[in-house]
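Visitor: For reference, the file data-v2.txt (compact mmCIF, C-alpha atoms) is included below:
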# COMPACT_ATOMS: atom_id res chain seq x y z
CA MET H 1 132.87 25.13 -23.54
CA CYS H 2 131.98 26.85 -20.31
CA LEU H 3 133.01 30.48 -20.53
CA ALA H 4 133.15 30.31 -24.32
CA GLY H 5 129.56 29.12 -24.37
CA ALA H 6 128.45 32.00 -22.19
CA VAL H 7 130.21 34.41 -24.51
CA GLY H 8 128.40 32.93 -27.48
CA ALA H 9 124.98 32.77 -25.88
CA GLY H 10 125.28 36.04 -23.97
CA ALA H 11 127.92 38.60 -24.86
CA GLU H 12 127.96 37.96 -28.58
CA LEU H 13 124.17 37.94 -28.73
CA LEU H 14 123.97 41.26 -26.89
CA ALA H 15 126.72 42.75 -29.06
CA ALA H 16 124.84 41.72 -32.18
CA MET H 17 121.68 43.34 -30.84
CA PRO H 18 122.90 46.60 -29.27
CA ASP H 19 119.45 48.15 -29.07
CA SER H 20 117.47 45.03 -28.29
CA ASP H 21 115.13 44.60 -25.39
CA VAL H 22 116.99 41.65 -23.88
CA HIS H 23 118.16 41.30 -20.29
CA ALA H 24 120.86 38.75 -19.56
CA TYR H 25 121.49 36.97 -16.26
CA TYR H 26 124.80 35.19 -16.01
CA VAL H 27 124.90 32.60 -13.24
CA TRP H 28 128.46 31.41 -12.68
CA VAL H 29 128.54 27.81 -11.48
CA PRO H 30 131.61 26.00 -10.06
CA MET H 31 132.42 23.09 -12.33
CA LEU H 32 136.20 22.96 -12.58
CA PRO H 33 138.75 23.15 -9.73
CA SER H 34 139.69 26.64 -10.91
CA ASP H 35 136.11 27.91 -10.61
CA ASN H 36 135.72 30.16 -7.57
CA ALA H 37 134.23 33.51 -6.66
CA THR H 38 137.36 35.30 -7.87
CA ALA H 39 137.18 33.66 -11.28
CA ALA H 40 133.47 34.44 -11.44
CA GLY H 41 134.21 38.06 -10.59
CA GLU H 42 136.78 38.25 -13.36
CA ALA H 43 134.33 36.76 -15.84
CA SER H 44 131.65 39.21 -14.74
CA HIS H 45 134.02 42.12 -15.34
CA ARG H 46 134.99 40.78 -18.75
CA LEU H 47 131.34 40.42 -19.78
CA ALA H 48 130.05 43.56 -18.07
CA GLU H 49 127.20 45.15 -20.02
CA PRO H 50 124.37 47.47 -18.96
CA ARG H 51 121.79 44.82 -19.83
CA ALA H 52 123.63 42.04 -17.96
CA THR H 53 123.63 41.02 -14.30
CA HIS H 54 125.97 38.48 -12.76
CA TYR H 55 125.54 36.00 -9.90
CA TRP H 56 127.83 33.48 -8.21
CA ASP H 57 126.14 30.14 -7.52
CA GLY H 58 128.96 28.87 -5.31
CA ASP H 59 126.99 26.19 -3.46
CA ARG H 60 124.86 25.58 -6.56
CA PRO H 61 121.41 26.27 -5.07
CA LEU H 62 120.16 27.60 -8.38
CA SER H 63 121.87 25.12 -10.68
CA ARG H 64 120.73 22.14 -8.60
CA ARG H 65 117.12 23.29 -8.61
CA MET H 66 117.28 24.06 -12.32
CA ALA H 67 118.59 20.55 -13.05
CA VAL H 68 115.48 19.16 -11.39
CA GLU H 69 113.17 21.53 -13.24
CA LEU H 70 114.76 20.79 -16.63
CA GLY H 71 115.18 17.07 -16.07
CA ILE H 72 118.96 17.21 -16.35
CA ASP H 73 121.10 14.45 -14.90
CA SER H 74 124.53 16.06 -15.06
CA ARG H 75 126.14 12.86 -13.81
CA ARG H 76 125.80 11.62 -17.38
CA SER H 77 128.02 14.45 -18.56
CA ALA H 78 131.80 14.31 -18.59
CA GLY H 79 133.49 15.81 -15.57
CA ALA H 80 130.42 16.13 -13.38
CA GLY H 81 131.49 13.32 -11.05
CA ALA H 82 129.06 11.91 -8.50
CA ALA H 83 127.84 15.22 -7.10
CA PRO H 84 124.08 15.85 -7.01
CA ALA H 85 122.85 16.81 -10.45
CA PHE H 86 123.22 20.43 -11.35
CA ALA H 87 122.70 22.43 -14.52
CA TRP H 88 125.59 24.16 -16.23
CA ASP H 89 126.31 25.08 -19.81
CA VAL H 90 122.60 25.63 -20.25
CA TYR H 91 121.08 28.74 -21.79
CA LEU H 92 117.47 29.62 -21.17
CA ALA H 93 115.17 32.25 -22.66
CA TYR H 94 111.85 33.73 -21.54
CA TRP H 95 109.13 35.63 -23.34
CA ARG H 96 108.01 38.95 -21.99
CA GLY H 97 105.62 38.27 -19.16
CA SER H 98 106.88 34.79 -18.37
CA ALA H 99 106.63 34.65 -14.61
CA SER H 100 108.58 31.57 -13.57
CA ILE H 101 112.32 31.34 -13.89
CA TRP H 102 111.92 27.55 -13.59
CA ALA H 103 109.84 27.29 -16.77
CA PRO H 104 111.85 28.71 -19.68
CA ASP H 105 110.15 29.14 -23.03
CA LEU H 106 113.31 27.98 -24.78
CA TRP H 107 116.50 26.34 -23.60
CA MET H 108 119.62 24.93 -25.20
CA HIS H 109 122.55 23.10 -23.66
CA GLN H 110 125.99 21.61 -24.12
CA LEU H 111 125.37 18.52 -22.01
CA ALA H 112 124.74 14.83 -22.62
CA VAL H 113 120.97 15.21 -22.65
CA ASP H 114 118.71 14.77 -25.65
CA HIS H 115 115.35 16.30 -24.69
CA ALA H 116 116.33 19.86 -25.65
CA PRO H 117 118.37 21.18 -28.57
CA ARG H 118 122.11 21.48 -28.25
CA PHE H 119 123.39 25.04 -28.24
CA GLU H 120 124.18 26.38 -31.66
CA PRO H 121 124.91 30.13 -31.83
CA ALA H 122 123.08 30.91 -35.08
CA SER H 123 119.99 28.99 -34.02
CA TRP H 124 120.03 30.60 -30.56
CA ARG H 125 120.28 34.08 -32.06
CA ARG H 126 117.50 33.36 -34.55
CA ARG H 127 115.18 32.11 -31.81
CA ILE H 128 115.86 35.13 -29.60
CA THR H 129 115.24 37.43 -32.55
CA GLU H 130 111.91 35.68 -33.11
CA MET H 131 110.99 36.14 -29.46
CA LEU H 132 111.75 39.85 -29.69
CA GLY H 133 109.74 40.25 -32.87
CA GLU H 134 106.78 38.23 -31.74
CA SER H 135 106.61 39.99 -28.42
CA GLY H 136 106.26 43.43 -29.88
CA VAL H 137 109.70 44.89 -30.72
CA MET U 1 128.17 40.24 -8.86
CA ARG U 2 125.69 38.89 -6.36
CA GLU U 3 125.94 35.78 -4.21
CA LEU U 4 123.25 33.14 -4.44
CA ASN U 5 124.56 30.94 -1.67
CA ARG U 6 122.21 32.09 1.04
CA GLU U 7 119.11 32.57 -1.06
CA LEU U 8 117.93 32.83 -4.61
CA GLN U 9 115.83 35.90 -3.93
CA PRO U 10 118.16 38.48 -5.52
CA LEU U 11 117.94 36.72 -8.86
CA LEU U 12 114.24 35.96 -8.55
CA ASN U 13 113.55 39.61 -7.75
CA ASP U 14 115.62 40.84 -10.68
CA PHE U 15 113.92 38.35 -12.98
CA ALA U 16 110.46 39.46 -11.89
CA THR U 17 111.31 43.16 -12.12
CA ALA U 18 112.35 42.72 -15.75
CA SER U 19 109.25 40.77 -16.76
CA LYS U 20 108.44 43.30 -19.47
CA HIS U 21 111.60 42.27 -21.29
CA VAL U 22 112.76 39.19 -23.10
CA ARG U 23 115.22 37.58 -20.68
CA ILE U 24 118.02 35.07 -21.06
CA LEU U 25 119.57 33.06 -18.22
CA LEU U 26 123.01 31.58 -18.75
CA LEU U 27 124.35 28.96 -16.35
CA THR U 28 128.00 28.19 -16.92
CA SER U 29 131.38 27.92 -15.25
CA PRO U 30 133.62 30.99 -15.17
CA THR U 31 136.82 29.40 -16.54
Written as structure tokens, how would this file's structure read?
Guide:
Amino acid sequence: MCLAGAVGAGAELLAAMPDSDVHAYYVWVPMLPSDNATAAGEASHRLAEPRATHYWDGDRPLSRRMAVELGIDSRRSAGAGAAPAFAWDVYLAYWRGSASIWAPDLWMHQLAVDHAPRFEPASWRRRITEMLGESGV
Amino acid sequence: MRELNRELQPLLNDFATASKHVRILLLTSPT
């Protein structure tokens, strides 16, 4: 899924909510041999949006820490190999005022884990809409 | 696009600065 998942969870969500109070942080993580800073830069240009910011996690400091925080063992997922566990194809959401990036209020994934819901675009959009409504918009 | 290789602080700062907003964080590969 990879880039397609990010489009569904990020770009399409933002496009469907042009006036919404949502900020998106795309963290591009190397997973495939073709994943490098150039590819991440191209993806960031393709998904450029005033409410979006892009980061390249080339050595995976963020995605490794997030795997620990979310209890993800990516080695169970196809293609991850024997590298230290890292989180990718995960989509996290935070209420207004949530202070810790390591403690999302909602997260979905496309991995071989079963302690959080798998990503489903309609469900993701509905949950984000609920967060916006319940937090005052 | 910002680099996270040396430190996570750029993202952590941006995340904290936007704390009045609903925020989404998307970790995925670029291809």
Visitor: For Glu3 (chain U), please output as a VMD selection string all residues within 10 Å (counting only C-alpha atoms; exclusion window: fewer than 4 positions along the same chain).
Guide: (chain H and resid 27 to 28 37 54 to 59) or (chain U and resid 7 to 8 10 to 11)
Visitor: Residues proximal to (120.3, 24.2, -22.6) were defined as those with any atom within 7 Å of that point in the file's coordinates, counting all atoms listed in the file. Which are they, as a ChimeraX atom specification?
Guide: /H:89-92,107-110,116-119
Visitor: Write out as an NGL selection string each polymer residue whose atoms come within 9 Å of Lys20 (chain U), counting all atoms listed in the file; drop sequence neighbours fewer than 2 positions from it.
Guide: (:H and (95-98)) or (:U and (16-18 or 22-23))
Visitor: Any idea what's packed within 9 Å of Ser29 (chain U), counting all atoms listed in the file, ignoring anything in its chain fewer than 5 positions away? Could you give it as a list in words?
Guide: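 What passes the distance filter is Met1, Cys2, Leu3, Ala6, Val27, Trp28, Val29, Pro30, Met31, Leu32, Asp35, Ala40, Trp88 and Asp89 of chain H.
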Visitor: As AutoDock Vina command-line options, please: the centre and edge lengths in Å, to one decimal, of an axis-aligned box enclosing every listed atom of region 9-20 of chain U with 8 Å added on each side.
Guide:
--center_x 113.3 --center_y 39.6 --center_z -11.7 --size_x 25.7 --size_y 23.4 --size_z 31.5
Visitor: Could you name the residues that touch region 9-13 of chain H at 10 Å or less, counting all atoms listed in the file, but leaving out those on the same chain fewer than 4 positions away, as JSON, numbers by chain?
Guide: {"H": [3, 4, 5, 17, 18, 20, 22, 23, 24, 25, 26, 46, 47, 48, 49, 52, 89, 90, 91, 92, 108, 119, 120, 121, 122, 124, 125, 126, 128, 129], "U": [24, 25, 26]}
